[in-house]
>>> print(open('input15.txt').read())   # compact mmCIF, C-alpha atoms
# COMPACT_ATOMS: atom_id res chain seq x y z
CA MET A 28 67.06 49.42 44.92
CA ASN A 29 68.74 47.72 42.02
CA LYS A 30 66.94 48.65 38.77
CA THR A 31 67.73 45.24 37.31
CA VAL A 32 65.75 43.58 40.08
CA ILE A 33 62.73 45.75 39.27
CA VAL A 34 62.89 45.51 35.46
CA PHE A 35 63.23 41.75 35.26
CA PRO A 36 59.91 40.92 37.03
CA VAL A 37 58.10 43.51 34.87
CA ILE A 38 59.46 41.94 31.69
CA CYS A 39 58.30 38.50 32.86
CA ILE A 40 54.81 39.76 33.62
CA VAL A 41 54.46 41.43 30.19
CA ALA A 42 55.68 38.28 28.43
CA LEU A 43 53.17 36.14 30.27
CA LEU A 44 50.34 38.51 29.37
CA LEU A 45 51.30 38.51 25.69
CA ALA A 46 51.58 34.74 25.56
CA GLY A 47 48.30 33.90 27.31
CA CYS A 48 46.01 36.64 26.10
CA THR A 49 42.76 35.26 24.63
CA ALA A 50 39.46 36.84 23.65
CA PRO A 51 36.75 35.37 25.88
CA SER A 52 33.42 34.45 24.41
CA MET A 53 30.24 36.23 25.36
CA ASP A 54 29.56 33.70 28.13
CA GLY A 55 33.10 33.83 29.43
CA ALA A 56 34.21 30.48 27.95
CA THR A 57 36.03 29.57 24.77
CA THR A 58 33.94 27.27 22.53
CA THR A 59 34.96 25.01 19.69
CA THR A 60 32.44 23.77 17.09
CA SER A 61 32.73 21.09 14.45
CA PRO A 62 30.24 19.90 11.82
CA THR A 63 28.04 17.00 12.87
CA THR A 64 25.65 14.72 11.01
CA ALA A 65 22.12 14.34 12.38
CA VAL A 66 21.09 10.73 12.80
CA THR A 67 17.41 9.96 13.31
CA THR A 68 16.59 6.82 15.23
CA VAL A 69 13.07 5.50 14.76
CA PRO A 70 11.59 3.63 17.76
CA VAL A 71 10.47 0.12 16.95
CA ASP A 72 6.93 0.75 18.25
CA ASN A 73 6.51 3.57 15.72
CA GLN A 74 7.06 1.14 12.84
CA THR A 75 4.25 -1.36 13.49
CA CYS A 76 1.71 -1.73 10.68
CA THR A 77 -0.85 -4.03 9.11
CA SER A 78 -1.01 -2.63 5.55
CA ASP A 79 0.96 -0.37 3.21
CA THR A 80 -1.45 2.51 3.82
CA ASP A 81 -0.38 2.64 7.49
CA CYS A 82 3.15 3.76 6.57
CA VAL A 83 4.46 7.27 5.84
CA PRO A 84 7.93 8.89 5.62
CA ALA A 85 9.47 9.52 9.04
CA GLN A 86 11.37 12.72 8.24
CA CYS A 87 10.10 15.96 6.69
CA CYS A 88 12.92 16.55 4.20
CA HIS A 89 14.63 13.84 2.17
CA PRO A 90 13.28 11.03 4.40
CA THR A 91 15.41 7.96 5.00
CA SER A 92 12.96 5.77 6.95
CA CYS A 93 9.25 5.10 7.46
CA VAL A 94 6.88 5.07 10.44
CA ASN A 95 3.19 4.43 10.99
CA SER A 96 0.94 7.40 10.35
CA ALA A 97 -0.03 7.66 14.02
CA SER A 98 3.57 8.56 14.89
CA ILE A 99 4.12 11.30 12.34
CA HIS A 100 4.72 14.86 13.53
CA VAL A 101 3.92 18.22 11.94
CA CYS A 102 6.45 19.31 9.31
CA ASN A 103 7.15 23.04 9.12
CA LEU A 104 10.48 22.99 7.31
CA LEU A 105 11.42 24.28 3.88
CA CYS A 106 13.07 21.43 1.97
CA THR A 107 15.48 21.72 -0.93
CA ALA A 108 14.34 20.58 -4.35
CA SER A 109 17.11 18.01 -4.73
CA CYS A 110 16.68 14.24 -4.94
CA GLU A 111 18.33 12.65 -1.92
CA GLY A 112 17.84 9.47 0.03
CA PRO A 113 15.91 6.27 -0.69
CA LEU A 114 12.44 7.85 -0.97
CA ASP A 115 12.92 11.04 -3.01
CA CYS A 116 11.86 11.36 -6.64
CA GLY A 117 10.31 7.90 -6.90
CA ALA A 118 13.39 6.05 -5.65
CA GLY A 119 11.19 4.10 -3.26
CA SER A 120 8.07 4.16 -1.14
CA CYS A 121 6.91 3.31 2.36
CA GLY A 122 5.33 -0.12 2.77
CA CYS A 123 4.42 -2.67 5.41
CA VAL A 124 6.99 -5.47 5.36
CA ASN A 125 6.58 -8.26 7.93
CA GLY A 126 4.52 -5.99 10.16
CA ARG A 127 7.03 -3.11 10.10
CA CYS A 128 6.96 0.14 8.13
CA SER A 129 9.96 -0.04 5.82
CA VAL A 130 11.44 1.60 2.75
CA VAL A 131 10.51 -0.41 -0.35
CA PRO A 132 12.90 0.39 -3.25
CA ALA A 133 11.24 1.06 -6.58
CA ALA A 134 13.04 -1.91 -8.12
CA SER A 135 11.48 -4.14 -5.46
CA SER A 136 7.99 -2.66 -5.63
CA LYS A 137 5.06 -5.02 -5.97
CA PRO A 138 4.41 -6.04 -9.59
CA GLN A 139 1.37 -4.82 -11.47
CA THR A 140 -1.64 -7.04 -10.89
CA SER A 141 -4.92 -7.38 -12.77
CA LEU A 142 -7.99 -9.55 -12.99
CA GLN A 143 -10.06 -10.49 -16.02
CA LEU A 144 -13.22 -12.57 -16.30
CA THR A 145 -14.61 -14.87 -18.96
CA ALA A 146 -18.29 -15.84 -19.13
CA SER A 147 -20.23 -18.49 -21.07
CA PRO A 148 -22.64 -19.28 -22.57
CA GLN A 149 -23.37 -15.94 -24.17
CA ARG A 150 -27.10 -16.51 -23.68
CA TYR A 151 -28.60 -18.27 -20.66
CA SER A 152 -32.02 -19.26 -19.39
CA PRO A 153 -32.87 -21.34 -16.30
CA MET A 154 -34.81 -23.62 -18.63
CA MET A 155 -31.60 -24.70 -20.39
CA SER A 156 -30.42 -28.21 -19.50
CA SER A 157 -26.86 -27.85 -20.85
CA THR A 158 -25.63 -25.63 -18.00
CA VAL A 159 -26.64 -24.62 -14.50
CA GLY A 160 -25.95 -20.95 -15.15
CA VAL A 161 -23.59 -18.44 -16.70
CA GLY A 162 -20.17 -19.89 -15.94
CA ILE A 163 -17.63 -17.25 -14.83
CA GLU A 164 -13.91 -17.94 -14.63
CA VAL A 165 -11.16 -15.66 -13.30
CA ASN A 166 -7.86 -14.98 -15.05
CA ALA A 167 -5.31 -13.46 -12.65
CA SER A 168 -2.16 -11.64 -13.71
CA GLY A 169 0.72 -10.77 -11.39
CA PHE A 170 -0.47 -12.78 -8.37
CA ASP A 171 -1.36 -16.32 -7.31
CA PRO A 172 -5.16 -16.77 -7.11
CA ALA A 173 -4.78 -19.49 -4.49
CA GLY A 174 -3.32 -16.96 -2.05
CA ALA A 175 -5.92 -14.25 -2.73
CA LEU A 176 -9.46 -13.73 -1.49
CA PHE A 177 -12.14 -13.27 -4.18
CA THR A 178 -15.45 -11.57 -3.41
CA TRP A 179 -18.34 -12.13 -5.84
CA ASN A 180 -21.33 -9.78 -5.94
CA ALA A 181 -24.36 -9.63 -8.24
CA THR A 182 -27.11 -7.02 -8.40
CA TYR A 183 -29.63 -9.82 -8.96
CA GLY A 184 -29.71 -13.62 -8.76
CA TYR A 185 -27.27 -15.90 -6.95
CA PHE A 186 -24.15 -18.03 -7.45
CA LEU A 187 -23.71 -21.79 -7.76
CA SER A 188 -20.74 -24.12 -7.73
CA TRP A 189 -20.63 -27.16 -9.97
CA GLY A 190 -17.51 -29.23 -9.65
CA PRO A 191 -16.34 -31.88 -12.12
CA SER A 192 -15.46 -34.25 -9.26
CA ASP A 193 -19.05 -35.19 -8.38
CA PHE A 194 -21.04 -32.83 -10.64
CA THR A 195 -23.13 -31.80 -7.64
CA VAL A 196 -24.70 -28.37 -7.88
CA LYS A 197 -24.36 -26.35 -4.68
CA GLU A 198 -26.08 -23.04 -4.12
CA ARG A 199 -23.59 -20.50 -2.74
CA GLY A 200 -25.82 -17.44 -2.34
CA ASN A 201 -24.89 -13.80 -3.00
CA PRO A 202 -22.32 -12.45 -2.19
CA VAL A 203 -19.74 -15.26 -2.17
CA THR A 204 -16.05 -15.44 -1.20
CA ASN A 205 -13.58 -18.05 -2.43
CA HIS A 206 -10.05 -18.38 -3.84
CA GLY A 207 -10.91 -17.85 -7.46
CA GLU A 208 -12.69 -21.11 -8.23
CA LYS A 209 -15.19 -21.01 -11.08
CA LEU A 210 -18.75 -20.08 -10.15
CA TYR A 211 -22.06 -20.01 -12.02
CA TRP A 212 -24.64 -17.25 -11.88
CA SER A 213 -28.34 -18.05 -12.13
CA PHE A 214 -31.83 -16.88 -11.15
CA ILE A 215 -35.31 -18.36 -10.73
CA GLU A 216 -37.61 -15.39 -10.22
CA LYS A 217 -38.98 -13.04 -12.84
CA PRO A 218 -37.19 -9.68 -12.56
CA ALA A 219 -39.06 -6.58 -11.51
CA SER A 220 -37.84 -4.84 -14.65
CA THR A 221 -36.34 -6.23 -17.84
CA LEU A 222 -34.66 -2.89 -18.51
CA GLU A 223 -32.17 -3.15 -15.64
CA PRO A 224 -28.98 -5.11 -16.47
CA VAL A 225 -27.39 -7.55 -14.07
CA ILE A 226 -23.92 -6.44 -12.91
CA ILE A 227 -21.61 -9.15 -11.58
CA THR A 228 -18.45 -7.86 -9.85
CA VAL A 229 -15.45 -9.93 -8.75
CA THR A 230 -12.75 -8.33 -6.57
CA ALA A 231 -9.48 -10.00 -5.54
CA THR A 232 -7.64 -8.81 -2.43
CA ASP A 233 -4.50 -9.75 -0.52
CA PRO A 234 -5.73 -11.20 2.82
CA ALA A 235 -2.57 -10.09 4.66
CA SER A 236 -2.52 -6.42 3.65
CA GLY A 237 -6.05 -5.84 2.35
CA ARG A 238 -4.59 -4.54 -0.91
CA VAL A 239 -6.88 -4.81 -3.94
CA LEU A 240 -5.14 -6.99 -6.52
CA GLY A 241 -7.73 -6.57 -9.25
CA ASN A 242 -11.42 -6.40 -10.08
CA SER A 243 -13.61 -7.03 -13.09
CA THR A 244 -17.29 -6.95 -14.01
CA VAL A 245 -19.66 -8.86 -16.24
CA THR A 246 -22.78 -7.09 -17.49
CA LEU A 247 -25.78 -9.24 -18.43
CA GLY A 248 -28.60 -7.75 -20.45
CA ARG A 249 -32.19 -9.02 -20.28
CA ASP A 250 -33.63 -11.10 -23.11
CA GLY A 251 -37.25 -11.31 -22.10
CA ASP A 252 -38.39 -12.38 -18.63
CA PHE A 253 -36.39 -15.60 -18.29
CA ALA A 254 -33.18 -15.17 -20.27
CA VAL A 255 -30.05 -13.04 -20.17
CA MET A 256 -27.23 -12.32 -22.61
CA VAL A 257 -23.59 -11.39 -21.91
CA LYS A 258 -23.29 -7.75 -22.97
CA GLU A 259 -19.93 -6.59 -21.64
CA ILE A 260 -16.90 -7.80 -19.69
CA ARG A 261 -14.43 -5.29 -18.33
>>> encode(input="input15.txt", output="structure tokens")
Amino acid sequence: MNKTVIVFPVICIVALLLAGCTAPSMDGATTTTSPTTAVTTVPVDNQTCTSDTDCVPAQCCHPTSCVNSASIHVCNLLCTASCEGPLDCGAGSCGCVNGRCSVVPAASSKPQTSLQLTASPQRYSPMMSSTVGVGIEVNASGFDPAGALFTWNATYGYFLSWGPSDFTVKERGNPVTNHGEKLYWSFIEKPASTLEPVIITVTATDPASGRVLGNSTVTLGRDGDFAVMVKEIR
């Protein structure tokens, strides 16, 4: 047999083996990997809320979105100490915006709110004809009183309204809720003890979220059986 005929096929086989030789993977297939970025999609139902306290960060490390607390899962990851994303290091917080848990940037956070009270006269007795009671007015800061709900409580006595439109005195009871209109505190019965002060508390809340916007108290000290004096407002 012609040696050329034998050698040529052998050379071809060796060349093919050298050209196509690959190292198979452990599972018999060649794999190719490339870096990917994890994207977390939050279902709409997991974002429903009624107040800011319902909302928490959705992710364990460097969260980028918010969900309601009922949807949160257990976090068992070790996070880096870097500041990343819209919630880290005070960059923002989770809040309820239009019924959905959302990221609220720090620059857009709700402004500081407060409530202060003024009371007059400094001394009052039901036998006085110049006033129907201790008049208490609210001074709101950082929010509109007309859109807030005010709750009035007193440890003794009751509240009255006395409007300048008709000057009709109306007994409102205790406690009372309104939108910050001026009220008067009064009493008709002799107290059980003249040593116990009367504490009047007014709290303003946001009706939509239930957030407390401010609160303040007036302390009335006893001056005998049928008179009180304004001792402290804070």
>>> closest_residue(input="input15.txt", among="A:Phe253, A:Ser92, A:Ala108, A:Arg261", to="Thr145 of chain A", atoms="all atoms listed in the file")
A:Arg261
>>> closest_residue(input="input15.txt", among="A:Leu114, A:Cys88, A:Cys128, A:Ile163", to="Tyr211 of chain A", atoms="only C-alpha atoms")
A:Ile163
>>> residues_near_point(input="input15.txt", point="(8.2, 2.3, -3.3)", cutoff="6 Å", atoms="only C-alpha atoms", output="PyMOL selection string")
chain A and resi 119-121+131-133+136
>>> atom_distance(input="input15.txt", atom1="atom CA of Gly190 of chain A", atom2="atom CA of Thr158 of chain A")
12.2 Å
>>> closest_residue(input="input15.txt", among="A:Ser157, A:Ser220, A:Asn73, A:Asn180", to="Val245 of chain A", atoms="all atoms listed in the file")
A:Asn180
>>> axis_aligned_box(input="input15.txt", around="segment 123-133 of chain A", padding_each_side="8 Å", output="JSON")
{"center_x": 8.7, "center_y": -3.3, "center_z": 1.8, "size_x": 24.5, "size_y": 25.9, "size_z": 32.7}
>>> atom_distance(input="input15.txt", atom1="atom CA of His206 of chain A", atom2="atom CA of Val161 of chain A")
18.7 Å
>>> closest_residue(input="input15.txt", among="A:Asp252, A:Glu111, A:Asp81, A:Glu259", to="Val124 of chain A", atoms="all atoms listed in the file")
A:Asp81
>>> residues_around(input="input15.txt", residues="Gly162 of chain A", least_positions_apart="5", cutoff="12 Å", atoms="all atoms listed in the file", output="list in words")
Leu144, Thr145, Ala146, Ser147, Pro148, Gln149, Arg150, Tyr151, Ser157, Phe186, Leu187, Ser188, Trp189, Gly190, Glu208, Lys209, Leu210, Tyr211, Trp212, Ser213, Ile227, Val245 and Val257 of chain A
>>> atom_distance(input="input15.txt", atom1="atom CA of Leu105 of chain A", atom2="atom CA of Val83 of chain A")
18.5 Å
>>> closest_residue(input="input15.txt", among="A:Gln143, A:Ser98, A:Thr107, A:Thr80", to="Val229 of chain A", atoms="all atoms listed in the file")
A:Gln143
>>> residues_around(input="input15.txt", residues="His100 of chain A", least_positions_apart="2", cutoff="10 Å", atoms="only C-alpha atoms", output="PyMOL selection string")
chain A and resi 85-87+96-98+102-103
>>> closest_residue(input="input15.txt", among="A:Ala181, A:Cys82, A:Cys116, A:Val255", to="Ile226 of chain A", atoms="only C-alpha atoms")
A:Ala181
